[in-house]
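Structure file upload19.cif (mmCIF, C-alpha atoms) follows.
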data_query
#
loop_
_atom_site.label_atom_id
_atom_site.label_comp_id
_atom_site.auth_asym_id
_atom_site.auth_seq_id
_atom_site.Cartn_x
_atom_site.Cartn_y
_atom_site.Cartn_z
CA MET A 5 59.79 72.16 91.05
CA SER A 6 56.94 70.21 92.62
CA ARG A 7 56.37 70.11 96.37
CA ARG A 8 57.24 66.41 96.40
CA THR A 9 60.56 66.86 94.54
CA ALA A 10 61.58 69.81 96.74
CA ALA A 11 60.75 67.86 99.91
CA LEU A 12 62.69 64.81 98.73
CA ILE A 13 65.77 66.87 97.77
CA SER A 14 65.70 68.56 101.17
CA LEU A 15 65.28 65.21 102.93
CA ALA A 16 68.12 63.66 100.89
CA ALA A 17 70.45 66.56 101.77
CA ASP A 18 69.57 66.28 105.46
CA TYR A 19 70.08 62.51 105.31
CA PHE A 20 73.52 63.01 103.75
CA ILE A 21 74.52 65.43 106.55
CA LEU A 22 73.21 62.97 109.17
CA VAL A 23 75.24 60.07 107.75
CA LEU A 24 78.32 62.25 107.27
CA CYS A 25 78.26 63.21 110.97
CA VAL A 26 77.54 59.64 112.13
CA CYS A 27 80.33 58.19 109.96
CA THR A 28 82.80 60.88 111.06
CA GLY A 29 82.00 59.95 114.66
CA VAL A 30 82.44 56.28 113.85
CA VAL A 31 85.84 56.97 112.26
CA GLN A 32 86.90 58.78 115.45
CA ILE A 33 85.79 55.90 117.71
CA ALA A 34 87.31 53.20 115.49
CA SER A 35 90.56 55.15 115.14
CA ALA A 36 90.77 55.65 118.91
CA TYR A 37 90.16 51.92 119.47
CA SER A 38 92.73 50.87 116.85
CA ARG A 39 95.24 53.56 117.90
CA LEU A 40 95.21 55.21 114.47
CA ASN A 41 96.26 58.49 116.08
CA GLY A 42 96.85 60.14 112.72
CA LEU A 43 93.09 60.14 112.03
CA LEU A 44 92.03 61.60 115.39
CA PHE A 45 90.91 65.22 115.55
CA ILE A 46 92.65 65.43 118.94
CA PRO A 47 95.50 62.93 119.39
CA ASP A 48 94.07 61.39 122.54
CA SER A 49 91.95 58.23 122.50
CA ARG A 50 89.55 59.47 125.24
CA ALA A 51 88.90 62.62 123.21
CA GLY A 52 88.37 60.40 120.15
CA TYR A 53 85.70 58.36 121.95
CA LEU A 54 84.04 61.54 123.24
CA ILE A 55 83.94 63.26 119.83
CA GLY A 56 82.85 59.96 118.29
CA LEU A 57 79.86 59.73 120.61
CA ALA A 58 78.97 63.42 120.50
CA LEU A 59 78.83 63.67 116.70
CA PRO A 60 76.22 60.92 116.06
CA THR A 61 74.19 61.91 119.13
CA GLY A 62 74.10 65.54 117.98
CA ALA A 63 73.31 64.53 114.39
CA PHE A 64 70.39 62.26 115.38
CA THR A 65 69.02 64.93 117.74
CA TRP A 66 69.22 67.53 114.97
CA PHE A 67 67.59 65.17 112.45
CA VAL A 68 64.68 64.42 114.77
CA HIS A 69 64.40 68.11 115.72
CA ILE A 70 64.04 69.37 112.13
CA GLY A 71 61.20 66.90 111.67
CA ASP A 72 62.49 64.78 108.80
CA VAL A 73 61.54 61.60 110.63
CA GLY A 74 57.88 62.49 110.36
CA ILE A 75 57.66 62.75 106.58
CA PRO A 76 54.11 63.28 105.35
CA GLY A 77 52.58 59.98 104.29
CA ASP A 78 51.85 61.02 100.72
CA LEU A 79 55.47 61.99 100.09
CA GLY A 80 57.16 58.74 101.02
CA GLY A 81 60.81 58.66 102.06
CA VAL A 82 64.16 58.38 100.33
CA GLU A 83 64.21 55.05 98.47
CA GLY A 84 66.37 52.23 99.83
CA PHE A 85 68.89 52.23 96.97
CA GLN A 86 69.21 56.03 97.19
CA GLN A 87 69.88 55.77 100.92
CA PHE A 88 72.47 53.08 100.27
CA GLY A 89 74.26 55.17 97.63
CA MET A 90 74.19 58.24 99.82
CA PHE A 91 75.52 56.24 102.75
CA LEU A 92 78.53 55.05 100.73
CA GLY A 93 79.15 58.61 99.49
CA ALA A 94 78.85 60.06 102.99
CA ALA A 95 81.12 57.35 104.45
CA ALA A 96 83.79 58.17 101.86
CA ALA A 97 83.34 61.89 102.55
CA ALA A 98 83.65 61.25 106.31
CA THR A 99 86.98 59.49 105.73
CA GLY A 100 88.22 62.41 103.63
CA LEU A 101 86.98 64.91 106.20
CA SER A 102 88.70 63.01 109.03
CA ALA A 103 91.96 62.95 107.06
CA VAL A 104 91.82 66.70 106.35
CA VAL A 105 90.74 67.81 109.85
CA SER A 106 93.23 65.56 111.66
CA SER A 107 96.03 66.72 109.34
CA LEU A 108 95.19 70.34 110.18
CA THR A 109 94.71 69.92 113.94
CA GLN A 110 97.90 67.86 114.26
CA TYR A 111 99.89 70.01 111.85
CA ARG A 112 102.52 70.93 114.43
CA ARG A 113 102.74 67.48 115.99
CA LYS A 114 105.90 65.60 115.11
CA GLY A 115 105.06 62.38 113.31
CA ASN A 116 107.00 59.35 112.23
CA PRO A 117 105.76 58.81 108.69
CA ALA A 118 106.29 55.42 107.07
CA PRO A 119 104.21 55.55 103.86
CA GLY A 120 104.85 51.91 102.96
CA LEU A 121 102.72 50.58 105.83
CA GLY A 122 99.32 51.49 104.40
CA MET A 123 96.70 52.38 107.02
CA ASP A 124 99.00 51.22 109.84
CA ALA A 125 101.19 54.24 109.05
CA LEU A 126 98.36 56.38 110.49
CA ARG A 127 99.35 55.21 113.99
CA GLU A 128 102.39 57.50 113.90
CA ALA A 129 101.55 60.19 111.34
CA THR A 130 98.71 62.13 109.72
CA VAL A 131 97.71 61.75 106.08
CA LEU A 132 99.36 65.09 105.24
CA GLN A 133 102.64 64.01 106.85
CA LEU A 134 102.51 60.72 104.96
CA VAL A 135 101.87 62.44 101.64
CA GLN A 136 104.75 64.84 102.31
CA ALA A 137 107.05 61.93 103.22
CA ARG A 138 106.12 60.10 100.04
CA LEU A 139 106.76 63.17 97.90
CA LYS A 140 110.18 63.60 99.57
CA GLU A 141 110.98 59.95 98.86
CA ARG A 142 110.11 60.39 95.17
CA ARG A 143 112.25 63.52 94.88
CA ARG A 144 115.23 61.67 96.39
CA ARG A 145 114.90 58.95 93.74
CA MET B 121 49.96 30.52 104.79
CA ILE B 122 49.01 34.03 103.66
CA GLU B 123 46.01 33.91 106.00
CA ALA B 124 48.18 32.84 108.94
CA ASP B 125 50.61 35.62 108.05
CA GLN B 126 47.78 38.18 108.10
CA GLN B 127 46.45 36.83 111.40
CA LEU B 128 49.87 37.04 113.01
CA PHE B 129 50.21 40.58 111.69
CA GLU B 130 46.80 41.63 113.03
CA TRP B 131 47.58 40.16 116.45
CA PHE B 132 50.96 41.88 116.72
CA ASN B 133 49.87 45.20 115.21
CA GLY B 134 46.87 45.13 117.56
CA PHE B 135 49.17 46.00 120.47
CA VAL B 136 49.77 49.48 119.02
CA GLY B 137 48.19 52.01 121.36
CA THR B 138 48.40 49.74 124.42
CA TRP B 139 51.58 51.30 125.82
CA THR B 140 52.49 54.77 124.59
CA TRP B 141 56.11 54.45 125.73
CA PHE B 142 56.50 51.22 123.75
CA ASP B 143 54.97 52.83 120.65
CA ASN B 144 57.43 55.72 120.98
CA ILE B 145 60.36 53.30 121.10
CA MET B 146 58.99 51.48 118.06
CA LYS B 147 58.57 54.78 116.18
CA VAL B 148 62.31 55.33 116.57
CA LEU B 149 63.25 51.74 115.72
CA VAL B 150 61.05 51.59 112.62
CA SER B 151 62.50 54.76 111.13
CA ASP B 152 64.50 54.42 107.90
CA PHE B 153 66.91 56.93 109.35
CA PHE B 154 67.90 55.39 112.66
CA LEU B 155 68.66 51.65 112.78
CA PRO B 156 69.70 51.35 109.10
CA VAL B 157 72.17 54.20 109.60
CA LEU B 158 73.48 52.63 112.81
CA ILE B 159 73.74 49.18 111.19
CA ALA B 160 75.62 50.52 108.16
CA ALA B 161 77.83 52.72 110.36
CA ALA B 162 78.68 49.78 112.63
CA ALA B 163 79.70 47.74 109.59
CA TRP B 164 81.62 50.73 108.22
CA SER B 165 83.52 51.15 111.50
CA LEU B 166 85.16 47.78 110.84
CA TRP B 167 87.10 49.35 107.99
CA PHE B 168 89.30 51.01 110.61
CA VAL B 169 89.21 48.38 113.36
CA GLY B 170 92.06 45.96 113.91
CA ARG B 171 95.06 45.84 116.19
CA THR B 172 97.05 44.22 113.39
CA GLY B 173 97.02 44.67 109.64
CA SER B 174 95.62 41.18 109.00
CA GLU B 175 92.83 41.62 111.56
CA ARG B 176 91.85 44.93 109.93
CA ARG B 177 91.88 43.36 106.48
CA ARG B 178 89.51 40.60 107.66
CA ASN B 179 87.19 43.25 109.05
CA GLN B 180 87.38 45.27 105.84
CA LEU B 181 86.41 42.17 103.87
CA GLY B 182 83.40 41.78 106.17
CA PHE B 183 82.26 45.30 105.33
CA ILE B 184 82.78 44.64 101.61
CA TYR B 185 80.73 41.40 101.75
CA GLY B 186 77.95 43.17 103.66
CA ALA B 187 77.87 46.24 101.43
CA ILE B 188 77.91 44.24 98.20
CA GLY B 189 75.30 41.85 99.62
CA ALA B 190 73.06 44.76 100.65
CA GLY B 191 73.41 46.45 97.27
CA PHE B 192 72.62 43.32 95.27
CA SER B 193 69.80 42.31 97.64
CA ASN B 194 68.23 45.63 96.80
CA LEU B 195 68.60 44.86 93.10
CA ALA B 196 67.19 41.34 93.59
CA ILE B 197 64.15 42.75 95.37
CA THR B 198 63.57 45.28 92.60
CA LEU B 199 63.59 42.37 90.14
CA VAL B 200 61.24 40.28 92.31
CA ASN B 201 58.88 43.25 92.65
CA GLY B 202 58.61 43.38 88.86
CA HIS B 203 56.72 40.06 89.02
CA LEU B 204 55.27 40.06 92.52
CA ASP B 205 53.44 43.06 93.92
CA ARG B 206 52.06 42.33 97.37
CA ALA B 207 50.23 45.32 98.79
CA ARG B 208 51.21 46.82 102.15
CA PRO B 209 49.14 45.80 105.21
CA PHE B 210 47.56 49.25 105.52
CA ILE B 211 46.22 48.85 101.97
CA THR B 212 45.11 45.19 102.24
CA LEU B 213 43.53 45.27 105.69
CA GLU B 214 41.25 47.61 107.56
CA ASP B 215 42.04 49.28 110.89
CA VAL B 216 45.81 48.87 110.64
CA ASN B 217 47.75 51.04 113.10
CA VAL B 218 50.53 52.76 111.16
CA LEU B 219 53.30 54.37 113.21
CA PHE B 220 55.42 55.72 110.35
CA TYR B 221 54.97 57.13 106.86
CA ARG B 222 53.21 54.94 104.29
CA PRO B 223 55.72 53.55 101.77
CA THR B 224 54.58 53.21 98.18
CA ASP B 225 56.72 50.22 97.11
CA PRO B 226 55.56 46.57 97.31
CA SER B 227 55.49 44.83 100.67
CA PHE B 228 57.11 41.47 99.80
CA PRO B 229 60.01 40.87 100.25
CA SER B 230 60.99 43.58 102.73
CA ASN B 231 63.79 45.74 101.38
CA ALA B 232 64.56 46.98 104.89
CA ALA B 233 65.00 43.46 106.28
CA ALA B 234 67.07 42.40 103.26
CA PHE B 235 69.45 45.32 103.76
CA ALA B 236 69.85 44.77 107.51
CA PHE B 237 70.33 40.99 107.29
CA ALA B 238 72.71 41.30 104.32
CA MET B 239 74.92 43.61 106.37
CA ALA B 240 74.75 41.28 109.39
CA ALA B 241 75.56 38.20 107.29
CA GLY B 242 78.48 39.87 105.48
CA VAL B 243 80.05 41.08 108.70
CA TRP B 244 79.34 37.79 110.54
CA VAL B 245 81.53 35.91 108.06
CA THR B 246 84.65 37.70 109.31
CA ASN B 247 83.71 39.11 112.73
CA ARG B 248 81.27 36.99 114.74
CA ARG B 249 80.78 39.47 117.60
CA MET B 250 80.00 42.49 115.40
CA GLY B 251 77.95 40.26 113.07
CA MET B 252 75.80 39.19 116.02
CA ALA B 253 75.39 42.80 117.19
CA ILE B 254 74.27 43.89 113.72
CA GLY B 255 72.03 40.80 113.59
CA VAL B 256 70.27 41.95 116.77
CA GLY B 257 69.76 45.35 115.14
CA ALA B 258 68.37 43.62 112.02
CA VAL B 259 65.89 41.59 114.11
CA LEU B 260 64.75 44.70 116.03
CA PHE B 261 64.31 46.64 112.79
CA SER B 262 62.29 43.82 111.20
CA VAL B 263 60.06 43.33 114.26
CA ALA B 264 59.46 47.09 114.44
CA ARG B 265 58.44 47.19 110.75
CA VAL B 266 55.72 44.61 111.41
CA TYR B 267 54.57 46.22 114.66
CA ALA B 268 54.36 49.63 112.96
CA GLY B 269 52.08 48.30 110.22
CA MET B 270 54.53 48.55 107.34
CA HIS B 271 55.08 44.84 106.61
CA PHE B 272 53.52 41.42 107.13
CA PRO B 273 55.75 38.96 109.04
CA LEU B 274 56.32 36.93 105.87
CA ASP B 275 57.64 40.05 104.12
CA VAL B 276 60.44 40.55 106.62
CA ALA B 277 61.22 36.80 106.73
CA GLY B 278 61.44 36.80 102.91
CA GLY B 279 63.58 39.94 102.95
CA ALA B 280 65.94 38.44 105.54
CA LEU B 281 66.28 35.30 103.45
CA VAL B 282 67.03 37.28 100.28
CA GLY B 283 69.63 39.38 102.14
CA ILE B 284 71.42 36.39 103.64
CA LEU B 285 71.33 34.29 100.44
CA VAL B 286 72.54 37.08 98.14
CA THR B 287 75.35 37.95 100.56
CA TYR B 288 76.39 34.29 100.78
CA VAL B 289 76.50 34.01 96.98
CA PHE B 290 78.70 37.11 96.70
CA TYR B 291 80.89 35.98 99.58
CA ARG B 292 81.56 32.77 97.64
CA ALA B 293 82.02 34.63 94.34
CA LEU B 294 84.46 37.13 95.85
CA GLY B 295 86.43 34.23 97.30
CA MET B 296 87.14 33.18 93.71
CA LEU B 297 88.18 36.72 92.80
CA GLN B 298 90.98 36.91 95.38
CA PRO B 299 93.59 38.37 92.95
CA VAL B 300 91.20 41.22 92.09
CA LEU B 301 90.58 41.88 95.80
CA ASN B 302 94.30 41.78 96.52
CA PHE B 303 94.93 44.35 93.78
CA GLY B 304 92.14 46.55 95.17
CA PHE B 305 93.64 46.39 98.66
CA TRP B 306 97.10 47.17 97.26
CA LEU B 307 95.71 50.30 95.58
CA LEU B 308 93.94 51.36 98.78
CA ARG B 309 97.13 50.82 100.80
CA GLN B 310 98.92 53.30 98.54
CA ALA B 311 96.39 55.91 99.64
CA PHE B 312 96.63 54.79 103.33
CA LEU B 313 93.03 53.57 103.09
CA ALA B 314 93.63 49.89 103.85
#

So that I can check it, write out the structure of this file as structure tokens.
Amino acid sequence: MSRRTAALISLAADYFILVLCVCTGVVQIASAYSRLNGLLFIPDSRAGYLIGLALPTGAFTWFVHIGDVGIPGDLGGVEGFQQFGMFLGAAAAATGLSAVVSSLTQYRRKGNPAPGLGMDALREATVLQLVQARLKERRRR
Amino acid sequence: MIEADQQLFEWFNGFVGTWTWFDNIMKVLVSDFFLPVLIAAAAWSLWFVGRTGSERRRNQLGFIYGAIGAGFSNLAITLVNGHLDRARPFITLEDVNVLFYRPTDPSFPSNAAAFAFAMAAGVWVTNRRMGMAIGVGAVLFSVARVYAGMHFPLDVAGGALVGILVTYVFYRALGMLQPVLNFGFWLLRQAFLA
């Protein structure tokens, strides 16, 4: 593997981690604002804002610290369309991660799952609780 | 026009080195990994924002318009670059102050500006306040690209125009595909994603 390819793969992986952390933070802030408690890591809107600010701040600090911002001139950066694709992938991954983590951290919390409401159902229940409620509904039928 | 563009670039880029603190701010703003990530993340946040279901759906449409506009602007620029290959300022001119890495793709139209303005335009259609905020980010990003020696002013103006026009075209086209969008949203609602 050439030096250029290795550097670009490493940069792309770091970029993906950066965007994953930023998007996870954004999901926490947006969920806290919209009262989608079922997506919060800690079911408290202030904690949601705090985690949402800490994650992107930490991610940007880490990214600058490891030196990826100062890519050598002859290597170039990650191309625009690659960044765009990775952003969409990382944003989807951040949503999945938020669903899994919030379902685990709020496992013991009593929810009020109403699967028919779409995303609004996340105000009163986690994704896991909603999936369980839907499966119960299907079994009853 | 090209000469005026170069003169404006030389004047603006000539300020590099005058204030170290300002250069440091510009080094952050010009980075591919700061403002573009913030702009896209701000647009993405709208997917979850809305006190009511209909408000959230409007916001989600804004993100979809912006994302599709940004993606197709990128494609449009790739096509334009197949016929038009304007060299970067640091290749064309002497004594250009470059604050970031030296990109290897053509200078006109600016891909960075197209992406940022496409996102701003898409979001602006459904959420004026967030659209304006992203628009400010897009302007800062574009100005920083010129200051840092990566683009001529005409490149970012061209990129902004491509981004806004392509997004507008897809906004109109998606308006005609409402049943398809409705079906997509119905599917996402089944997975609690919309």

When the cut-off is 8 Å and we count all atoms listed in the file, which residues of chain B are near chain A, given as a PyMOL selection string? chain B and resi 151+153-154+157+160-162+164-166+168-171+173+191+194+220-224+231-232+308-314

Select, from B:Val200, B:Ala163, B:Leu307, B:Leu213, the residue with the minimum atom-to-atom distance to Trp244 of chain B, counting only C-alpha atoms. B:Ala163

Could you pull the residues within 12 Å of Gln136 of chain A, counting all atoms listed in the file, minus those fewer than 5 positions along the same chain, as a tab-separated table (two decimals) with C-alpha atoms, keeping the file's coordinate frame?
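Listing of part-v6.tsv after writing:
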chain	number	residue	atom	x	y	z
A	107	SER	CA	96.03	66.72	109.34
A	111	TYR	CA	99.89	70.01	111.85
A	115	GLY	CA	105.06	62.38	113.31
A	116	ASN	CA	107.00	59.35	112.23
A	117	PRO	CA	105.76	58.81	108.69
A	118	ALA	CA	106.29	55.42	107.07
A	119	PRO	CA	104.21	55.55	103.86
A	129	ALA	CA	101.55	60.19	111.34
A	130	THR	CA	98.71	62.13	109.72
A	131	VAL	CA	97.71	61.75	106.08
A	141	GLU	CA	110.98	59.95	98.86
A	142	ARG	CA	110.11	60.39	95.17
A	143	ARG	CA	112.25	63.52	94.88

Report the residues retrieved by the PyMOL selection byres ((chain B and resi 243) around 12) from the displayed file, expressed as a PyMOL selection string. chain B and resi 159-167+178-190+236-242+244-255+284+287-288+291

Calculate how many Å separate atom CA of Leu219 of chain B from atom CA of Leu199 of chain B, rounding to one decimal. 28.0 Å

Residue nearest Ala94 of chain A among A:Ala51, A:Leu44, A:Ala17, A:Ser6 (counting only C-alpha atoms):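 Distance minimum relative to Ala94 of chain A lands on A:Ala17.
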
For a quick check of understanding, using only C-alpha atoms, which of A:Leu15, A:Thr9, A:Asn41, A:Phe20 has the smallest distance to Met90 of chain A?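 That would be A:Phe20, the residue with the smallest distance to Met90 of chain A.
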
How far is it from atom CA of Asp125 of chain B to atom CA of Leu158 of chain B, in Å with one decimal? 28.9 Å

Near Thr212 of chain B, counting all atoms listed in the file, which residues have an atom at most 10 Å away, once you skip same-chain residues fewer than 5 positions from it, shown as a PyMOL selection string? chain B and resi 126+206-207

Next, dump the selected residues to file, keeping only C-alpha atoms, as a PDB file, in the frame of the given file.
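Result went into selection_24.pdb, see below:
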ATOM      1  CA  GLN B 126      47.780  38.180 108.100  1.00  0.00           C
ATOM      2  CA  ARG B 206      52.060  42.330  97.370  1.00  0.00           C
ATOM      3  CA  ALA B 207      50.230  45.320  98.790  1.00  0.00           C
TER       4      ALA B 207
END

Do you know which residues are at most 12 Å from Gly279 of chain B counting only C-alpha atoms, after dropping those on the same chain fewer than 4 positions away, and could you put them as JSON, numbers by chain? {"B": [190, 193, 194, 196, 197, 198, 200, 201, 226, 227, 228, 229, 230, 231, 232, 233, 234, 235, 236, 237, 238, 258, 259, 261, 262, 265, 271, 272, 273, 274, 275, 283, 284, 285, 286]}

If you measure from atom CA of Phe135 of chain B to atom CA of Asn217 of chain B, what distance in Å do you get, rounded to one decimal? 9.0 Å

Explicit residue set for the PyMOL selection byres ((chain B and resi 130) around 12), as a JSON list (two decimals) with C-alpha atoms, in the frame of the given file:
[["chain", "number", "residue", "atom", "x", "y", "z"],
["B", 123, "GLU", "CA", 46.01, 33.91, 106.00],
["B", 124, "ALA", "CA", 48.18, 32.84, 108.94],
["B", 125, "ASP", "CA", 50.61, 35.62, 108.05],
["B", 126, "GLN", "CA", 47.78, 38.18, 108.10],
["B", 127, "GLN", "CA", 46.45, 36.83, 111.40],
["B", 128, "LEU", "CA", 49.87, 37.04, 113.01],
["B", 129, "PHE", "CA", 50.21, 40.58, 111.69],
["B", 131, "TRP", "CA", 47.58, 40.16, 116.45],
["B", 132, "PHE", "CA", 50.96, 41.88, 116.72],
["B", 133, "ASN", "CA", 49.87, 45.20, 115.21],
["B", 134, "GLY", "CA", 46.87, 45.13, 117.56],
["B", 135, "PHE", "CA", 49.17, 46.00, 120.47],
["B", 136, "VAL", "CA", 49.77, 49.48, 119.02],
["B", 209, "PRO", "CA", 49.14, 45.80, 105.21],
["B", 210, "PHE", "CA", 47.56, 49.25, 105.52],
["B", 212, "THR", "CA", 45.11, 45.19, 102.24],
["B", 213, "LEU", "CA", 43.53, 45.27, 105.69],
["B", 214, "GLU", "CA", 41.25, 47.61, 107.56],
["B", 215, "ASP", "CA", 42.04, 49.28, 110.89],
["B", 216, "VAL", "CA", 45.81, 48.87, 110.64],
["B", 217, "ASN", "CA", 47.75, 51.04, 113.10],
["B", 218, "VAL", "CA", 50.53, 52.76, 111.16],
["B", 266, "VAL", "CA", 55.72, 44.61, 111.41],
["B", 267, "TYR", "CA", 54.57, 46.22, 114.66],
["B", 268, "ALA", "CA", 54.36, 49.63, 112.96],
["B", 269, "GLY", "CA", 52.08, 48.30, 110.22],
["B", 270, "MET", "CA", 54.53, 48.55, 107.34],
["B", 271, "HIS", "CA", 55.08, 44.84, 106.61],
["B", 272, "PHE", "CA", 53.52, 41.42, 107.13],
["B", 273, "PRO", "CA", 55.75, 38.96, 109.04]]

Option closest in space to Phe290 of chain B, from B:Gly257, B:Phe192, B:Gly304, B:Pro156 [counting all atoms listed in the file]: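 Ranking B:Gly257, B:Phe192, B:Gly304, B:Pro156 by distance to Phe290 of chain B, first place goes to B:Phe192.
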
Regenerate segment 227-253 of chain B at the level of N, CA and C atoms and dump it as a JSON list (two decimals), in the coordinates of the input.
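Wrote out-v4.json, looks like this:
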[["chain", "number", "residue", "atom", "x", "y", "z"],
["B", 227, "SER", "N", 55.22, 45.27, 99.30],
["B", 227, "SER", "CA", 55.49, 44.83, 100.67],
["B", 227, "SER", "C", 56.44, 43.64, 100.74],
["B", 228, "PHE", "N", 56.32, 42.72, 99.77],
["B", 228, "PHE", "CA", 57.11, 41.47, 99.80],
["B", 228, "PHE", "C", 58.15, 41.44, 98.69],
["B", 229, "PRO", "N", 59.37, 41.06, 98.95],
["B", 229, "PRO", "CA", 60.01, 40.87, 100.25],
["B", 229, "PRO", "C", 60.46, 42.24, 100.81],
["B", 230, "SER", "N", 60.65, 42.31, 102.11],
["B", 230, "SER", "CA", 60.99, 43.58, 102.73],
["B", 230, "SER", "C", 62.42, 44.01, 102.38],
["B", 231, "ASN", "N", 62.49, 45.17, 101.74],
["B", 231, "ASN", "CA", 63.79, 45.74, 101.38],
["B", 231, "ASN", "C", 64.61, 46.07, 102.63],
["B", 232, "ALA", "N", 63.90, 46.58, 103.63],
["B", 232, "ALA", "CA", 64.56, 46.98, 104.89],
["B", 232, "ALA", "C", 65.22, 45.78, 105.56],
["B", 233, "ALA", "N", 64.46, 44.67, 105.64],
["B", 233, "ALA", "CA", 65.00, 43.46, 106.28],
["B", 233, "ALA", "C", 66.16, 42.90, 105.46],
["B", 234, "ALA", "N", 66.01, 42.93, 104.13],
["B", 234, "ALA", "CA", 67.07, 42.40, 103.26],
["B", 234, "ALA", "C", 68.37, 43.17, 103.49],
["B", 235, "PHE", "N", 68.26, 44.49, 103.54],
["B", 235, "PHE", "CA", 69.45, 45.32, 103.76],
["B", 235, "PHE", "C", 70.11, 44.98, 105.10],
["B", 236, "ALA", "N", 69.31, 44.97, 106.16],
["B", 236, "ALA", "CA", 69.85, 44.77, 107.51],
["B", 236, "ALA", "C", 70.49, 43.38, 107.65],
["B", 237, "PHE", "N", 69.79, 42.36, 107.15],
["B", 237, "PHE", "CA", 70.33, 40.99, 107.29],
["B", 237, "PHE", "C", 71.52, 40.75, 106.35],
["B", 238, "ALA", "N", 71.54, 41.43, 105.20],
["B", 238, "ALA", "CA", 72.71, 41.30, 104.32],
["B", 238, "ALA", "C", 73.94, 41.86, 105.02],
["B", 239, "MET", "N", 73.79, 43.00, 105.65],
["B", 239, "MET", "CA", 74.92, 43.61, 106.37],
["B", 239, "MET", "C", 75.38, 42.69, 107.50],
["B", 240, "ALA", "N", 74.41, 42.16, 108.26],
["B", 240, "ALA", "CA", 74.75, 41.28, 109.39],
["B", 240, "ALA", "C", 75.47, 40.04, 108.89],
["B", 241, "ALA", "N", 74.96, 39.44, 107.80],
["B", 241, "ALA", "CA", 75.56, 38.20, 107.29],
["B", 241, "ALA", "C", 76.97, 38.45, 106.78],
["B", 242, "GLY", "N", 77.16, 39.55, 106.04],
["B", 242, "GLY", "CA", 78.48, 39.87, 105.48],
["B", 242, "GLY", "C", 79.51, 40.07, 106.58],
["B", 243, "VAL", "N", 79.12, 40.80, 107.61],
["B", 243, "VAL", "CA", 80.05, 41.08, 108.70],
["B", 243, "VAL", "C", 80.29, 39.81, 109.53],
["B", 244, "TRP", "N", 79.25, 39.01, 109.72],
["B", 244, "TRP", "CA", 79.34, 37.79, 110.54],
["B", 244, "TRP", "C", 80.40, 36.82, 110.00],
["B", 245, "VAL", "N", 80.56, 36.81, 108.68],
["B", 245, "VAL", "CA", 81.53, 35.91, 108.06],
["B", 245, "VAL", "C", 82.95, 36.15, 108.62],
["B", 246, "THR", "N", 83.27, 37.41, 108.88],
["B", 246, "THR", "CA", 84.65, 37.70, 109.31],
["B", 246, "THR", "C", 84.76, 38.17, 110.76],
["B", 247, "ASN", "N", 83.65, 38.61, 111.36],
["B", 247, "ASN", "CA", 83.71, 39.11, 112.73],
["B", 247, "ASN", "C", 82.41, 38.70, 113.43],
["B", 248, "ARG", "N", 82.47, 37.57, 114.13],
["B", 248, "ARG", "CA", 81.27, 36.99, 114.74],
["B", 248, "ARG", "C", 80.58, 37.95, 115.71],
["B", 249, "ARG", "N", 81.38, 38.63, 116.55],
["B", 249, "ARG", "CA", 80.78, 39.47, 117.60],
["B", 249, "ARG", "C", 80.01, 40.65, 116.98],
["B", 250, "MET", "N", 80.66, 41.35, 116.04],
["B", 250, "MET", "CA", 80.00, 42.49, 115.40],
["B", 250, "MET", "C", 78.84, 42.00, 114.52],
["B", 251, "GLY", "N", 79.02, 40.83, 113.88],
["B", 251, "GLY", "CA", 77.95, 40.26, 113.07],
["B", 251, "GLY", "C", 76.71, 39.98, 113.91],
["B", 252, "MET", "N", 76.92, 39.46, 115.12],
["B", 252, "MET", "CA", 75.80, 39.19, 116.02],
["B", 252, "MET", "C", 75.12, 40.49, 116.44],
["B", 253, "ALA", "N", 75.94, 41.51, 116.76],
["B", 253, "ALA", "CA", 75.39, 42.80, 117.19],
["B", 253, "ALA", "C", 74.53, 43.41, 116.08]]
